[in-house]
file input_5.txt (compact mmCIF, C-alpha atoms)
# COMPACT_ATOMS: atom_id res chain seq x y z
CA MET A 1 123.77 77.77 96.76
CA PRO A 2 124.44 79.03 100.29
CA ALA A 3 122.53 77.53 103.20
CA PRO A 4 119.49 79.74 103.47
CA ILE A 5 119.06 79.43 107.21
CA GLN A 6 121.90 80.02 109.62
CA VAL A 7 121.74 76.97 111.87
CA GLU A 8 123.40 78.85 114.75
CA ALA A 9 120.50 81.29 114.71
CA ILE A 10 117.81 78.64 114.91
CA GLY A 11 117.98 78.58 118.69
CA GLU A 12 117.00 82.22 118.69
CA HIS A 13 114.23 82.00 116.17
CA HIS A 14 112.17 78.88 116.15
CA LEU A 15 109.75 79.45 113.33
CA TYR A 16 110.53 80.62 109.82
CA LEU A 17 108.45 81.53 106.82
CA VAL A 18 110.69 81.17 103.79
CA LEU A 19 109.48 82.92 100.65
CA SER A 20 110.94 81.87 97.35
CA SER A 21 110.21 82.06 93.65
CA ALA A 22 108.43 78.97 92.28
CA GLU A 23 111.33 77.83 90.14
CA LYS A 24 113.80 77.90 93.04
CA LEU A 25 111.53 76.32 95.62
CA LYS A 26 112.94 72.82 95.17
CA GLU A 27 116.53 74.01 95.42
CA HIS A 28 115.75 76.01 98.53
CA ASN A 29 114.07 72.99 100.03
CA ILE A 30 117.27 70.98 99.54
CA ALA A 31 119.52 73.77 100.81
CA ILE A 32 117.45 74.25 103.95
CA LEU A 33 117.35 70.51 104.58
CA LYS A 34 121.13 70.23 104.21
CA SER A 35 121.55 73.15 106.56
CA LEU A 36 119.27 71.61 109.19
CA ILE A 37 120.80 68.15 109.00
CA SER A 38 124.31 69.52 109.25
CA GLY A 39 123.09 71.32 112.38
CA GLY A 40 122.09 67.99 113.96
CA TYR A 41 118.36 68.24 113.43
CA GLN A 42 115.90 65.41 112.88
CA VAL A 43 113.73 66.77 110.09
CA VAL A 44 110.08 65.99 109.44
CA VAL A 45 109.34 66.88 105.82
CA ILE A 46 105.67 67.49 105.05
CA THR A 47 105.22 67.29 101.32
CA THR A 48 102.17 68.29 99.32
CA ASN A 49 103.91 68.94 96.03
CA GLN A 50 106.12 65.96 95.28
CA PRO A 51 105.79 62.32 96.32
CA ALA A 52 108.02 61.34 99.20
CA ALA A 53 109.54 58.60 97.04
CA VAL A 54 110.70 61.20 94.54
CA LEU A 55 111.99 63.49 97.26
CA GLU A 56 113.82 60.61 98.88
CA LYS A 57 115.67 59.84 95.64
CA LEU A 58 116.36 63.53 95.12
CA TYR A 59 117.78 63.96 98.61
CA ALA A 60 119.85 60.81 98.28
CA SER A 61 121.28 62.06 94.98
CA ARG A 62 122.32 65.28 96.76
CA GLY A 63 124.10 63.38 99.53
CA ILE A 64 121.60 64.10 102.30
CA ASP A 65 121.49 61.68 105.21
CA LEU A 66 118.05 60.10 104.85
CA SER A 67 118.18 58.47 108.28
CA ARG A 68 117.56 61.89 109.80
CA ILE A 69 114.46 62.57 107.72
CA PHE A 70 110.88 61.50 108.27
CA PHE A 71 108.29 62.20 105.59
CA ILE A 72 104.63 63.03 105.96
CA ASP A 73 103.35 62.61 102.42
CA ALA A 74 99.96 64.18 101.71
CA ILE A 75 100.01 63.84 97.93
CA THR A 76 101.04 60.33 96.88
CA ARG A 77 97.85 58.52 97.92
CA TYR A 78 95.67 61.30 96.59
CA ALA A 79 97.36 61.63 93.20
CA ILE A 80 98.76 58.19 92.54
CA GLY A 81 96.38 56.09 94.61
CA LYS A 82 98.94 53.81 96.21
CA ALA A 83 102.08 54.39 98.17
CA SER A 84 105.07 52.63 96.68
CA GLY A 85 108.83 52.81 96.54
CA ILE A 86 109.33 54.42 99.90
CA THR A 87 111.15 53.50 103.06
CA GLN A 88 109.54 53.07 106.45
CA ASN A 89 110.35 56.68 107.33
CA CYS A 90 107.13 57.92 105.86
CA ARG A 91 103.53 58.37 106.82
CA PHE A 92 100.93 58.85 104.11
CA ILE A 93 97.87 61.08 104.33
CA ASN A 94 94.91 60.46 102.03
CA SER A 95 94.60 64.00 100.72
CA PRO A 96 96.27 67.40 101.15
CA SER A 97 92.84 68.73 102.12
CA ASN A 98 92.56 66.27 105.01
CA LEU A 99 93.91 68.62 107.64
CA THR A 100 92.63 66.51 110.51
CA ASP A 101 94.77 63.53 109.53
CA LEU A 102 97.68 65.79 108.69
CA GLY A 103 97.44 67.45 112.11
CA ILE A 104 97.26 64.09 113.86
CA ALA A 105 100.27 62.80 111.92
CA ILE A 106 102.33 65.88 112.76
CA THR A 107 101.36 65.69 116.43
CA GLU A 108 102.24 62.00 116.64
CA VAL A 109 105.56 62.43 114.87
CA LEU A 110 106.53 65.36 117.06
CA ASN A 111 105.51 63.55 120.25
CA ARG A 112 107.34 60.39 119.19
CA ARG A 113 110.64 62.10 118.43
CA SER A 114 113.71 61.24 120.40
CA ALA A 115 115.53 63.67 122.65
CA GLY A 116 117.41 65.35 119.79
CA LYS A 117 116.56 68.61 118.06
CA ALA A 118 113.59 68.38 115.72
CA CYS A 119 112.51 70.52 112.83
CA LEU A 120 109.42 70.46 110.67
CA LEU A 121 109.89 71.45 107.02
CA PHE A 122 106.59 72.29 105.35
CA ASP A 123 106.73 72.13 101.53
CA SER A 124 104.70 74.09 100.69
CA ILE A 125 101.94 76.46 101.77
CA SER A 126 101.47 77.52 98.14
CA THR A 127 100.67 73.99 96.96
CA MET A 128 98.22 73.59 99.84
CA LEU A 129 96.34 76.57 98.41
CA ILE A 130 95.34 74.41 95.43
CA TYR A 131 93.35 72.15 97.74
CA ILE A 132 92.29 74.29 100.70
CA PRO A 133 90.85 77.79 101.16
CA SER A 134 93.33 80.30 102.54
CA ILE A 135 91.33 80.75 105.76
CA ASN A 136 91.71 77.05 106.57
CA ILE A 137 95.40 77.12 105.72
CA SER A 138 95.89 80.06 108.05
CA LYS A 139 94.11 78.22 110.88
CA PHE A 140 96.12 75.06 110.20
CA ILE A 141 99.47 76.84 110.15
CA HIS A 142 98.50 78.56 113.38
CA PHE A 143 97.77 75.15 114.89
CA ILE A 144 101.10 73.75 113.69
CA THR A 145 103.13 76.73 114.90
CA SER A 146 101.46 76.56 118.32
CA LYS A 147 102.24 72.85 118.49
CA LEU A 148 105.86 73.47 117.50
CA ARG A 149 106.26 76.12 120.17
CA LEU A 150 104.80 73.80 122.78
CA VAL A 151 107.26 71.01 122.03
CA ASP A 152 110.09 73.51 121.48
CA ALA A 153 110.72 72.35 117.93
CA THR A 154 111.78 74.37 114.91
CA GLY A 155 109.53 74.95 111.93
CA VAL A 156 110.30 76.08 108.40
CA PHE A 157 107.34 76.90 106.17
CA LEU A 158 108.06 77.25 102.47
CA ALA A 159 105.87 79.41 100.27
CA VAL A 160 106.08 80.92 96.84
CA GLU A 161 106.56 84.65 97.09
CA LYS A 162 103.98 86.87 95.35
CA GLY A 163 101.61 83.92 95.47
CA LEU A 164 100.16 84.78 98.84
CA ASP A 165 97.61 87.49 99.18
CA PRO A 166 98.46 90.30 101.64
CA LEU A 167 95.97 89.15 104.28
CA LEU A 168 97.24 85.56 104.34
CA LEU A 169 100.85 86.74 104.31
CA THR A 170 100.18 89.07 107.24
CA GLN A 171 98.55 86.25 109.18
CA LEU A 172 101.41 83.86 108.46
CA THR A 173 103.93 86.54 109.40
CA THR A 174 102.34 86.86 112.81
CA TYR A 175 102.62 83.11 113.41
CA VAL A 176 106.35 82.86 112.73
CA ASP A 177 109.38 84.54 114.25
CA ILE A 178 111.25 85.40 111.07
CA VAL A 179 110.24 85.80 107.45
CA ILE A 180 113.04 85.14 104.98
CA ASP A 181 112.65 86.39 101.45
CA MET A 182 115.08 84.20 99.50
CA ASP A 183 114.83 86.30 96.35
CA ALA A 184 115.39 89.67 97.96
CA PRO A 185 118.66 91.41 97.02
CA VAL A 186 121.55 90.04 99.03
CA SER A 187 122.91 92.70 101.35
CA GLN A 188 126.06 90.94 102.57
CA PRO A 189 128.37 88.40 100.96
CA GLY A 190 127.26 84.91 101.88
CA SER A 191 123.95 86.11 103.18
CA PRO A 192 121.19 83.81 101.97
CA GLY A 193 118.40 86.30 101.63
CA LYS A 194 116.79 89.22 103.26
CA GLU A 195 115.34 88.66 106.71
CA VAL A 196 112.10 90.44 107.26
CA PRO A 197 111.54 90.57 111.02
CA GLY A 198 108.40 88.89 112.25
CA PRO A 199 106.33 90.05 115.19
CA LEU A 200 108.72 88.84 117.90
CA MET B 1 78.52 116.43 103.39
CA GLU B 2 75.03 117.16 104.70
CA LYS B 3 74.99 117.66 108.47
CA LYS B 4 71.88 116.23 110.06
CA PRO B 5 70.45 117.75 113.25
CA THR B 6 70.62 115.52 116.30
CA GLU B 7 67.52 114.40 118.19
CA GLY B 8 68.34 116.93 120.90
CA MET B 9 68.61 119.77 118.39
CA LYS B 10 65.32 118.77 116.78
CA LEU B 11 63.50 118.75 120.10
CA ALA B 12 65.07 122.06 121.11
CA ILE B 13 63.94 123.70 117.85
CA LEU B 14 60.40 122.32 118.18
CA VAL B 15 60.12 123.36 121.84
CA ALA B 16 61.38 126.87 120.98
CA LEU B 17 58.85 127.15 118.15
CA ALA B 18 56.06 125.82 120.39
CA ILE B 19 56.90 128.44 123.02
CA LEU B 20 56.89 131.10 120.29
CA CYS B 21 53.50 129.90 119.02
CA ILE B 22 51.99 129.93 122.52
CA GLY B 23 53.50 133.37 123.10
CA LEU B 24 51.94 134.63 119.87
CA GLU B 25 48.60 133.09 120.78
CA ILE B 26 48.63 134.79 124.16
CA GLY B 27 50.27 138.06 123.12
CA ILE B 28 48.58 138.73 119.79
CA HIS B 29 45.33 136.82 119.93
CA LEU B 30 44.40 137.05 123.60
CA PHE B 31 45.73 140.50 124.44
CA ALA B 32 45.95 142.32 121.10
CA ARG B 33 42.70 140.62 120.01
CA THR B 34 43.95 140.03 116.48
CA ALA B 35 43.40 136.65 114.86
CA VAL B 36 45.10 137.41 111.54
CA GLY B 37 48.61 136.61 110.33
CA TYR B 38 50.33 135.20 113.41
CA THR B 39 49.09 131.62 112.83
CA HIS B 40 51.33 131.37 109.72
CA ILE B 41 54.19 130.86 112.17
CA PHE B 42 52.36 127.76 113.44
CA TYR B 43 52.91 126.05 110.09
CA LEU B 44 56.65 126.28 110.59
CA LEU B 45 56.28 124.20 113.75
CA LEU B 46 53.88 121.77 112.08
CA VAL B 47 56.02 121.26 108.97
CA LEU B 48 59.20 120.66 110.95
CA ALA B 49 57.38 118.30 113.33
CA GLY B 50 55.94 116.47 110.30
CA ILE B 51 59.34 116.13 108.61
CA TRP B 52 61.11 114.91 111.72
CA TYR B 53 58.42 112.95 113.58
CA HIS B 54 56.01 112.15 110.74
CA ARG B 55 52.37 111.65 111.80
CA LEU B 56 53.12 112.49 115.42
CA ALA B 57 52.92 116.07 114.16
CA VAL B 58 49.12 115.64 114.09
CA TRP B 59 49.17 115.74 117.91
CA VAL B 60 51.04 119.05 117.77
CA ALA B 61 48.39 120.34 115.35
CA VAL B 62 45.60 119.18 117.67
CA ALA B 63 47.33 120.97 120.56
CA LEU B 64 47.63 124.19 118.55
CA ALA B 65 44.00 123.97 117.45
CA ALA B 66 42.99 123.29 121.03
CA ALA B 67 44.86 126.43 122.08
CA THR B 68 43.37 128.60 119.33
CA ILE B 69 39.69 127.64 119.66
CA PRO B 70 39.26 128.40 123.44
CA THR B 71 41.13 131.67 122.93
CA SER B 72 38.73 132.57 120.10
CA LEU B 73 35.78 131.64 122.29
CA TYR B 74 37.17 133.83 125.08
CA VAL B 75 38.02 136.74 122.77
CA GLY B 76 34.70 136.38 120.96
CA ASP B 77 35.95 135.98 117.38
CA PHE B 78 35.05 132.28 117.10
CA GLY B 79 33.60 131.44 113.72
CA TRP B 80 33.98 129.25 110.62
CA ALA B 81 37.47 130.79 110.02
CA THR B 82 38.61 129.53 113.43
CA LEU B 83 37.39 126.04 112.69
CA LEU B 84 38.95 126.10 109.22
CA ARG B 85 42.25 127.28 110.68
CA GLY B 86 42.27 124.50 113.29
CA SER B 87 41.34 121.90 110.66
CA MET B 88 44.10 123.12 108.35
CA PHE B 89 46.64 122.66 111.15
CA ILE B 90 45.65 119.02 111.39
CA VAL B 91 45.46 118.46 107.61
CA VAL B 92 48.84 120.08 106.95
CA ALA B 93 50.47 118.11 109.79
CA TYR B 94 48.96 114.87 108.47
CA VAL B 95 49.99 115.48 104.83
CA VAL B 96 53.53 116.57 105.69
CA GLY B 97 53.89 113.73 108.20
CA THR B 98 52.65 111.12 105.70
CA LEU B 99 54.84 112.37 102.85
CA SER B 100 57.89 112.53 105.12
CA ALA B 101 57.25 109.00 106.40
CA GLU B 102 57.01 107.71 102.81
CA ARG B 103 60.15 109.57 101.80
CA ASP B 104 62.12 108.25 104.79
CA ARG B 105 60.88 104.71 104.19
CA GLY B 106 61.98 104.94 100.55
CA ARG B 107 65.36 106.30 101.59
CA GLU B 108 65.84 103.49 104.11
CA GLN B 109 64.94 100.87 101.49
CA LEU B 110 67.38 102.45 99.06
CA LEU B 111 70.15 102.47 101.66
CA GLN B 112 69.40 98.86 102.59
CA GLN B 113 69.50 97.80 98.93
CA LYS B 114 72.75 99.71 98.45
CA GLN B 115 74.24 98.02 101.51
CA GLU B 116 73.12 94.59 100.30
CA ILE B 117 74.65 95.22 96.86
CA GLU B 118 77.89 96.43 98.44
CA GLU B 119 78.03 93.38 100.74
CA LYS B 120 77.36 91.06 97.82
CA HIS B 121 79.99 92.84 95.75
CA ALA B 122 82.54 92.70 98.57
CA ALA B 123 81.84 88.99 99.02
CA LEU B 124 82.29 88.41 95.30
CA ILE B 125 85.55 90.37 95.24
CA GLY B 126 86.76 88.37 98.23
CA TYR B 127 85.77 85.14 96.52
CA ILE B 128 87.42 86.11 93.24
CA SER B 129 90.64 87.09 95.02
CA GLU B 130 90.58 83.80 96.96
CA VAL B 131 90.10 81.73 93.83
CA ALA B 132 92.69 83.80 91.96
CA LEU B 133 95.07 83.03 94.80
CA ARG B 134 94.24 79.37 94.35
CA LEU B 135 94.77 79.55 90.58
CA LYS B 136 97.53 81.98 89.72
CA ASN B 137 100.23 80.71 92.02
CA PRO B 138 99.46 77.00 91.64
CA VAL B 139 99.65 77.34 87.87
CA ALA B 140 103.13 78.84 88.26
CA ILE B 141 104.11 75.94 90.52
CA LEU B 142 102.64 73.49 88.05
CA ARG B 143 104.59 75.07 85.19
CA ASP B 144 107.86 74.96 87.15
CA ASN B 145 107.26 71.40 88.26
CA LEU B 146 106.64 70.37 84.66
CA ALA B 147 109.76 72.24 83.55
CA GLY B 148 111.70 70.37 86.25
CA ILE B 149 110.33 67.03 85.07
CA ILE B 150 111.23 67.83 81.46
CA ALA B 151 114.73 68.78 82.59
CA SER B 152 115.09 65.52 84.55
CA LEU B 153 113.96 63.53 81.49
CA GLY B 154 116.66 65.22 79.45
CA LYS B 155 119.44 63.72 81.54
CA ASP B 156 121.49 60.69 80.50
CA ASN B 157 119.73 58.13 82.67
CA PRO B 158 116.35 59.63 83.50
CA ASP B 159 114.42 58.13 86.38
CA LEU B 160 111.26 57.28 84.50
CA GLU B 161 109.40 55.98 87.52
CA SER B 162 109.98 59.22 89.44
CA ALA B 163 109.02 61.26 86.39
CA ARG B 164 105.82 59.25 86.00
CA MET B 165 104.92 59.80 89.68
CA GLU B 166 105.67 63.50 89.47
CA LEU B 167 103.59 63.87 86.33
CA THR B 168 100.68 62.08 88.01
CA VAL B 169 100.89 64.53 90.88
CA GLN B 170 100.88 67.44 88.46
CA VAL B 171 97.76 66.04 86.77
CA SER B 172 96.08 65.88 90.15
CA HIS B 173 97.10 69.51 90.84
CA ALA B 174 95.70 70.49 87.43
CA ASP B 175 92.42 68.68 88.16
CA GLN B 176 91.99 70.56 91.41
CA ILE B 177 92.87 73.89 89.74
CA LEU B 178 90.13 73.14 87.20
CA VAL B 179 87.66 72.49 90.02
CA ASN B 180 88.65 75.82 91.61
CA LEU B 181 88.12 77.57 88.28
CA GLN B 182 84.68 75.99 87.86
CA GLU B 183 83.75 77.15 91.36
CA LEU B 184 84.76 80.68 90.39
CA ASN B 185 82.64 80.55 87.24
CA LYS B 186 79.68 79.29 89.22
CA ALA B 187 80.02 82.04 91.81
CA VAL B 188 80.27 84.73 89.13
CA VAL B 189 77.21 83.37 87.32
CA GLU B 190 75.18 83.22 90.53
CA CYS B 191 76.06 86.82 91.38
CA HIS B 192 75.19 88.25 87.96
CA GLU B 193 71.64 87.47 86.92
CA ASP B 194 72.02 89.54 83.75
CA ILE B 195 74.39 86.98 82.18
CA PRO B 196 72.53 85.30 79.27
CA GLN B 197 71.43 81.71 79.80
CA ALA B 198 73.70 80.33 77.06
CA TYR B 199 76.77 81.85 78.75
CA ARG B 200 75.57 80.65 82.15
CA GLU B 201 75.48 77.07 80.87
CA PHE B 202 78.87 77.49 79.22
CA LEU B 203 80.47 78.88 82.41
CA ASN B 204 78.89 76.18 84.58
CA ARG B 205 79.95 73.37 82.30
call {"tool": "encode", "arguments": {"input": "input_5.txt", "output": "structure tokens"}}
result
Amino acid sequence: MPAPIQVEAIGEHHLYLVLSSAEKLKEHNIAILKSLISGGYQVVVITTNQPAAVLEKLYASRGIDLSRIFFIDAITRYAIGKASGITQNCRFINSPSNLTDLGIAITEVLNRRSAGKACLLFDSISTMLIYIPSINISKFIHFITSKLRLVDATGVFLAVEKGLDPLLLTQLTTYVDIVIDMDAPVSQPGSPGKEVPGPL
Amino acid sequence: MEKKPTEGMKLAILVALAILCIGLEIGIHLFARTAVGYTHIFYLLLVLAGIWYHRLAVWVAVALAAATIPTSLYVGDFGWATLLRGSMFIVVAYVVGTLSAERDRGREQLLQQKQEIEEKHAALIGYISEVALRLKNPVAILRDNLAGIIASLGKDNPDLESARMELTVQVSHADQILVNLQELNKAVVECHEDIPQAYREFLNR
């Protein structure tokens, strides 16, 4: 699978909304992560769909350098009750609906980062919809994107296409710089998906 | 679509009719000394005033009666017919004004009820679409996650611990989806009072 985000272009566009079909979401997550790490980014993965321990094993099995990844895991404590089998590079949140703690964790991780390039990979907005009303998700993503712009960090927000209602999608589109539809027909060889220009 | 006259148009029509009525009173009654026929025009003014300004039309009727009676006294044709005519102005203005006020109040209530129903309906539609958003897509994610777990278990050396954790997460997703569905049922039941009690209990269960 080709890298879905051109790393060279990340300097131009800081915030991405990546739309994908549900069955390919995991693969796109891995492809984007590989792309970011090969571009020298420190990546903060926010996971609400799979435990960080599982993701860590998955990334390791795909040859991804785990030292460049920090996890914010909002599902393990909520679903499993205890956090186990994970390295120190992880911070656990009690519930995906606890946006206050999630916001604090993101802020702290972004503020604590070293001088290198940082990117936040949010997996995924669609899973958050199970736990939180769309209006709150919209406000939260707006908060995160504002924070990312302030600290000049990159953000990639994954969502399942066709799963977002038009109003929420419009709101999210206004928060990011570029919307990438991973399942749109490929126009050029090697092109990862169709870029739908955002508001900028 | 029905075009309603503006307040300015209404006032202009009533003032024009009032001038016409006074003109008729002076021209026909005072100078031509005829007290028959011309007062029918007065009812046009009274009915329109009653429809548009309800019981305020009674004051217009009193003014017209007050104009007619002194003229009759001056002309010398004052009698029971003059008094009856003046009284009828007031009665007609009162009846038309009262009926118009009732009709307008009923119309306003109807519009208010319609607006309330539309607002309630819009809120319900919004709620249903929100819950559908929180059901449809998550179920697809759940299905694909489960398919992924099944696929991982089919490998040579499956990671059972990871599979167990992933399955636990999917159960938690499913629990929350169920809660969302119950919320939807509850909202639908609360919005539709005509749903039989047995179905209400079933949907709220």
call {"tool": "closest_atom_pairs", "arguments": {"input": "input_5.txt", "of": "chain A", "to": "chain B", "cutoff": "10 Å", "atoms": "only C-alpha atoms", "output": "CSV"}}
result
residue,atom,partner,partner_atom,distance
A:Ser21,CA,B:Ile141,CA,9.2
A:Ala22,CA,B:Ile141,CA,5.6
A:Glu23,CA,B:Asp144,CA,5.4
A:Lys24,CA,B:Asp144,CA,8.9
A:Leu25,CA,B:Ile141,CA,9.0
A:Lys26,CA,B:Asn145,CA,9.1
A:Thr48,CA,B:Val169,CA,9.3
A:Asn49,CA,B:Val169,CA,7.4
A:Gln50,CA,B:Glu166,CA,6.3
A:Pro51,CA,B:Glu166,CA,7.0
A:Ala53,CA,B:Ser162,CA,7.6
A:Val54,CA,B:Ser162,CA,5.5
A:Leu55,CA,B:Ser162,CA,9.1
A:Lys57,CA,B:Ser162,CA,8.4
A:Leu58,CA,B:Ser162,CA,9.6
A:Ile75,CA,B:Val169,CA,7.1
A:Thr76,CA,B:Val169,CA,7.3
A:Arg77,CA,B:Val169,CA,9.7
A:Tyr78,CA,B:Ser172,CA,7.9
A:Ala79,CA,B:Val169,CA,5.1
A:Ile80,CA,B:Thr168,CA,6.3
A:Gly81,CA,B:Thr168,CA,9.9
A:Gly85,CA,B:Glu161,CA,9.6
A:Ser126,CA,B:Pro138,CA,6.8
A:Thr127,CA,B:Pro138,CA,6.2
A:Met128,CA,B:Arg134,CA,8.9
A:Leu129,CA,B:Arg134,CA,5.4
A:Ile130,CA,B:Arg134,CA,5.2
A:Tyr131,CA,B:Gln176,CA,6.7
A:Ile132,CA,B:Arg134,CA,8.4
A:Pro133,CA,B:Glu130,CA,7.3
A:Ser134,CA,B:Glu130,CA,7.1
A:Ile135,CA,B:Glu130,CA,9.3
A:Val160,CA,B:Asn137,CA,7.6
A:Glu161,CA,B:Asn137,CA,9.0
A:Lys162,CA,B:Asn137,CA,7.9
A:Gly163,CA,B:Asn137,CA,4.9
A:Leu164,CA,B:Leu133,CA,6.7
A:Asp165,CA,B:Leu133,CA,6.7
call {"tool": "atom_distance", "arguments": {"input": "input_5.txt", "atom1": "CA of Thr170 in chain A", "atom2": "CA of Asn98 in chain A"}}
result
24.1 Å
call {"tool": "atom_distance", "arguments": {"input": "input_5.txt", "atom1": "CA of Gly23 in chain B", "atom2": "CA of Pro5 in chain B"}}
result
25.1 Å
call {"tool": "closest_residue", "arguments": {"input": "input_5.txt", "among": "A:Ala83, A:Leu33, A:Ala184, A:Ile93", "to": "Ala105 in chain A", "atoms": "all atoms listed in the file"}}
result
A:Ile93
call {"tool": "atom_distance", "arguments": {"input": "input_5.txt", "atom1": "CA of Ser87 in chain B", "atom2": "CA of Arg33 in chain B"}}
result
21.0 Å
call {"tool": "closest_residue", "arguments": {"input": "input_5.txt", "among": "A:Arg112, A:Pro166, A:Thr174, A:Ala52", "to": "Ser146 in chain A", "atoms": "only C-alpha atoms"}}
result
A:Thr174
call {"tool": "residues_around", "arguments": {"input": "input_5.txt", "residues": "Phe92 in chain A", "least_positions_apart": "3", "cutoff": "6 Å", "atoms": "all atoms listed in the file", "output": "list in words"}}
result
Ile72, Asp73 and Ala74 of chain A
call {"tool": "residues_around", "arguments": {"input": "input_5.txt", "residues": "Ala57 in chain B", "least_positions_apart": "3", "cutoff": "7 Å", "atoms": "only C-alpha atoms", "output": "JSON, numbers by chain"}}
result
{"B": [46, 49, 50, 53, 54, 60, 61, 93, 97]}
call {"tool": "residues_around", "arguments": {"input": "input_5.txt", "residues": "Val15 in chain B", "least_positions_apart": "3", "cutoff": "12 Å", "atoms": "only C-alpha atoms", "output": "number ranges by chain"}}
result
B: 8-12, 18-22, 45-46, 48-49, 60
call {"tool": "closest_residue", "arguments": {"input": "input_5.txt", "among": "A:Ile30, A:Val176, A:Ala118, A:Leu168", "to": "Val43 in chain A", "atoms": "only C-alpha atoms"}}
result
A:Ala118
call {"tool": "residues_around", "arguments": {"input": "input_5.txt", "residues": "Ile28 in chain B", "least_positions_apart": "4", "cutoff": "12 Å", "atoms": "all atoms listed in the file", "output": "PyMOL selection string"}}
result
chain B and resi 20-24+32-39+68+71-72+75
call {"tool": "write_last_selection", "arguments": {"input": "input_5.txt", "atoms": "C-alpha atoms", "output": "short mmCIF file (atom, residue, chain, number, x, y, z; two decimals), in the frame of the given file"}}
result
data_model
loop_
_atom_site.label_atom_id
_atom_site.label_comp_id
_atom_site.auth_asym_id
_atom_site.auth_seq_id
_atom_site.Cartn_x
_atom_site.Cartn_y
_atom_site.Cartn_z
CA LEU B 20 56.89 131.10 120.29
CA CYS B 21 53.50 129.90 119.02
CA ILE B 22 51.99 129.93 122.52
CA GLY B 23 53.50 133.37 123.10
CA LEU B 24 51.94 134.63 119.87
CA ALA B 32 45.95 142.32 121.10
CA ARG B 33 42.70 140.62 120.01
CA THR B 34 43.95 140.03 116.48
CA ALA B 35 43.40 136.65 114.86
CA VAL B 36 45.10 137.41 111.54
CA GLY B 37 48.61 136.61 110.33
CA TYR B 38 50.33 135.20 113.41
CA THR B 39 49.09 131.62 112.83
CA THR B 68 43.37 128.60 119.33
CA THR B 71 41.13 131.67 122.93
CA SER B 72 38.73 132.57 120.10
CA VAL B 75 38.02 136.74 122.77
#
call {"tool": "closest_residue", "arguments": {"input": "input_5.txt", "among": "B:Ala67, B:Val47, B:Leu84, B:Ile150", "to": "Ser100 in chain B", "atoms": "only C-alpha atoms"}}
result
B:Val47
call {"tool": "closest_residue", "arguments": {"input": "input_5.txt", "among": "A:Leu120, A:Ile46, A:Ile64, A:Ile69", "to": "Pro96 in chain A", "atoms": "only C-alpha atoms"}}
result
A:Ile46
call {"tool": "axis_aligned_box", "arguments": {"input": "input_5.txt", "around": "range 116-131 of chain A", "padding_each_side": "3 Å", "output": "AutoDock Vina command-line options"}}
result
--center_x 105.4 --center_y 71.4 --center_z 107.6 --size_x 30.1 --size_y 18.2 --size_z 30.4
call {"tool": "decode", "arguments": {"input": "input_5.txt", "residues": "range 37-51 of chain A", "atoms": "C-alpha atoms", "output": "PDB file, in the first residue's frame"}}
result
ATOM      1  CA  ILE A  37       8.106   8.089  10.963  1.00  0.00           C
ATOM      2  CA  SER A  38      10.126   7.847   7.775  1.00  0.00           C
ATOM      3  CA  GLY A  39       9.699  11.626   7.545  1.00  0.00           C
ATOM      4  CA  GLY A  40      11.350  12.065  10.961  1.00  0.00           C
ATOM      5  CA  TYR A  41       8.227  12.726  12.986  1.00  0.00           C
ATOM      6  CA  GLN A  42       7.593  11.873  16.614  1.00  0.00           C
ATOM      7  CA  VAL A  43       4.057  10.514  16.514  1.00  0.00           C
ATOM      8  CA  VAL A  44       1.465  10.658  19.276  1.00  0.00           C
ATOM      9  CA  VAL A  45      -1.136   7.992  18.545  1.00  0.00           C
ATOM     10  CA  ILE A  46      -4.502   8.558  20.209  1.00  0.00           C
ATOM     11  CA  THR A  47      -6.398   5.306  20.148  1.00  0.00           C
ATOM     12  CA  THR A  48     -10.048   4.753  20.965  1.00  0.00           C
ATOM     13  CA  ASN A  49     -10.551   1.600  18.952  1.00  0.00           C
ATOM     14  CA  GLN A  50      -7.747  -0.794  19.819  1.00  0.00           C
ATOM     15  CA  PRO A  51      -5.689  -1.135  22.992  1.00  0.00           C
TER      16      PRO A  51
END
